[in-house]
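What follows is one structure encoded as structure tokens, with my remarks underneath.
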Amino acid sequence: MTRILVIGGGVAGTTAALALHKAGFDVSVYEAHPDSAEDIGAFLTLASNGMRALAQIDASSAVTGTGFPLTSMRVLDGAGTEVAHRPLGESDNPVLRYRCLRRGELNAALQAEAVHRGITIRHGAPLASVQHGTDRVTAHFTDGSTTTGDLLIGADGLNSTVRRTIAPATQPRYAGEYVLYGYTTHLSLAEEADDERITMVRGSAAAFGYAVSPGGRTYWFARVAGKPLATDDIAHGTHGQWRDLLLGLLRDDATPAAGIVAATTDDILVTNATEIPTGAPWRSGRTLVIGDAAHAASPATGQGASMAMEDAVILAKALRDTPDTDTALTVYETLRRPRAEHNTSVSGNISRGVHTPSRTGRTPTPPTGDDELARLLEWNRPIATPEP
């Protein structure tokens, strides 16, 4: 049986492990963080395409036990006028509805499902280096231990150690904006708790979005264009500083945004939006990177986690349905690169102000359409080798 090593136990790595295990491979996950709660504070939305990928590997219920669904999106302009309100994704299908949840909760849910299925996850295992062989690949960890497999999957995120062994010249770059996240209980928004709606605000100085959980807790983010924040400022900035910065950008607009931020008393998380340049190598020999390690995008399209889940299912199917590893990786990259890099480009253009979504909030159609994607993800449909 083919032995596959997955480096990274986040969304991409654990979903890949679930898909590879279902495809019949011997897979183990090696995660640098000592437990499953890495990045517990930030939140994300899983789009319908990500939920579809999870459904194909029987992992929907593991995720729908946390967070809350989103079935529509409302768009406000800076004057507070509603300019669009439409269904979000495949809102008529409970399994495929968008879902809002904390990243750490998602990681924990996926890892618990992997362990339940008998997949080994080793925590506290930072990767030091990768040794490439003709028929095997060996992972060396910082504690001096090693493990060898037939294939190594790097799902270790934006600053991937695995990617440095494949493409040392590829470096993440700033995508043109910084992002702030927070949570608050805001009484004037309590009536929205049952709406299953995300509201996007096209403000005059910042893009803002928020959704209210069934318990009345508001999840919010703000995207601010400009120069990147200094690393030291991110590390040492205070809640009051970030709140005052945002209020200065939001208070002139007649939207709920400033009030939501003013009511936030918990920590505000801050990060620079970053992306991997398109065209970067994804593989070398028996080593491949997926998810953010391969095609990280700015958060403007909200597709990072869902793209990683697509990667996982299509990779597992390619390895299952093709005669050898090299062919499988070629097929996988041929199928995935156009769609993943389209997302990186569109998201980066939005962040840099090169492209603005339409008034409905829609972004340009990706190279792989919804119907084709559904066929690619369908577990019982064999992967077809693309035309050369």
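Chain labels run A, B, ... following the order of the structure tokens; each chain numbers its residues from 1, and ligands are numbered from 1 in the order shown.
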If you count only C-alpha atoms, which residues fall within 8 Å of range 98-108 of chain A, apart from same-chain ones fewer than 3 positions away, as a ChimeraX atom specification? /A:9-11,14,36-48,51,63-64,66-71,88-91,111-112
Residues within 8 Å of range 319-326 of chain A, please, as a list in words. Count only C-alpha atoms; anything in the same chain fewer than 5 positions from it doesn't count. Ala23, Gly24, Gly285, Arg286, Pro382 and Ile383 of chain A
Find, counting only C-alpha atoms, the residue in A:Arg117, A:Arg337, A:Arg136, A:Arg97 that gets nearest to Thr287 in chain A. A:Arg136
Per DSSP on the backbone, what are the alpha helix (DSSP H) residues of range 107-221 of chain A, as JSON, numbers by chain? {"A": [107, 108, 109, 110, 111, 112, 113, 114, 115, 116, 161, 162, 163, 164, 165, 166]}
Would you list the contacts of Leu54 in chain A as a VMD selection string, taking every protein, DNA or RNA residue within 8 Å and counting only C-alpha atoms, but skipping same-chain residues closer than 4 positions in sequence? chain A and resid 15 50 58 to 60 309
For His295 in chain A, work out the shell of residues within 12 Å, counting only C-alpha atoms and skipping chain neighbours fewer than 6 positions away, then give it as a PyMOL selection string. chain A and resi 12+154-160+163+170-173+274-282+289+303-305+307-308+311+333+336-345+347-348
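Closest approach to Ala139 in chain A among A:Ala55, A:Ile268, A:Val27, A:Ala125 is made by A:Ala125 (distances from only C-alpha atoms).
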Long-range neighbours of range 197-210 of chain A as an MDAnalysis selection string, 8 Å cut-off, only C-alpha atoms, 2 positions minimum in chain: chainID A and resid 70:78 80 192 195 212 218:225 249:250 253 255 257
Take the residues from that selection and put them in a file with C-alpha atoms, as a CSV table (one decimal), in the first residue's frame.
chain,number,residue,atom,x,y,z
A,70,LEU,CA,-25.1,31.5,5.9
A,71,THR,CA,-27.7,31.4,3.2
A,72,SER,CA,-27.7,34.9,1.8
A,73,MET,CA,-25.5,37.9,1.3
A,74,ARG,CA,-26.5,41.6,1.6
A,75,VAL,CA,-24.4,44.4,0.2
A,76,LEU,CA,-24.5,48.0,1.6
A,77,ASP,CA,-22.9,51.0,0.2
A,78,GLY,CA,-21.2,53.7,2.4
A,80,GLY,CA,-26.0,52.3,4.3
A,192,GLU,CA,-30.3,39.4,12.6
A,195,ASP,CA,-31.2,35.6,9.3
A,212,VAL,CA,-24.5,37.3,13.5
A,218,THR,CA,-21.3,39.2,15.7
A,219,TYR,CA,-18.3,38.0,13.7
A,220,TRP,CA,-16.7,40.9,11.8
A,221,PHE,CA,-13.8,41.7,9.6
A,222,ALA,CA,-12.4,44.8,7.9
A,223,ARG,CA,-10.1,45.0,4.9
A,224,VAL,CA,-8.0,48.2,4.6
A,225,ALA,CA,-6.0,49.0,1.5
A,249,LEU,CA,-11.9,54.8,8.9
A,250,LEU,CA,-15.5,53.8,9.5
A,253,ASP,CA,-20.2,56.1,6.8
A,255,THR,CA,-23.5,51.8,8.2
A,257,ALA,CA,-19.7,49.0,10.9
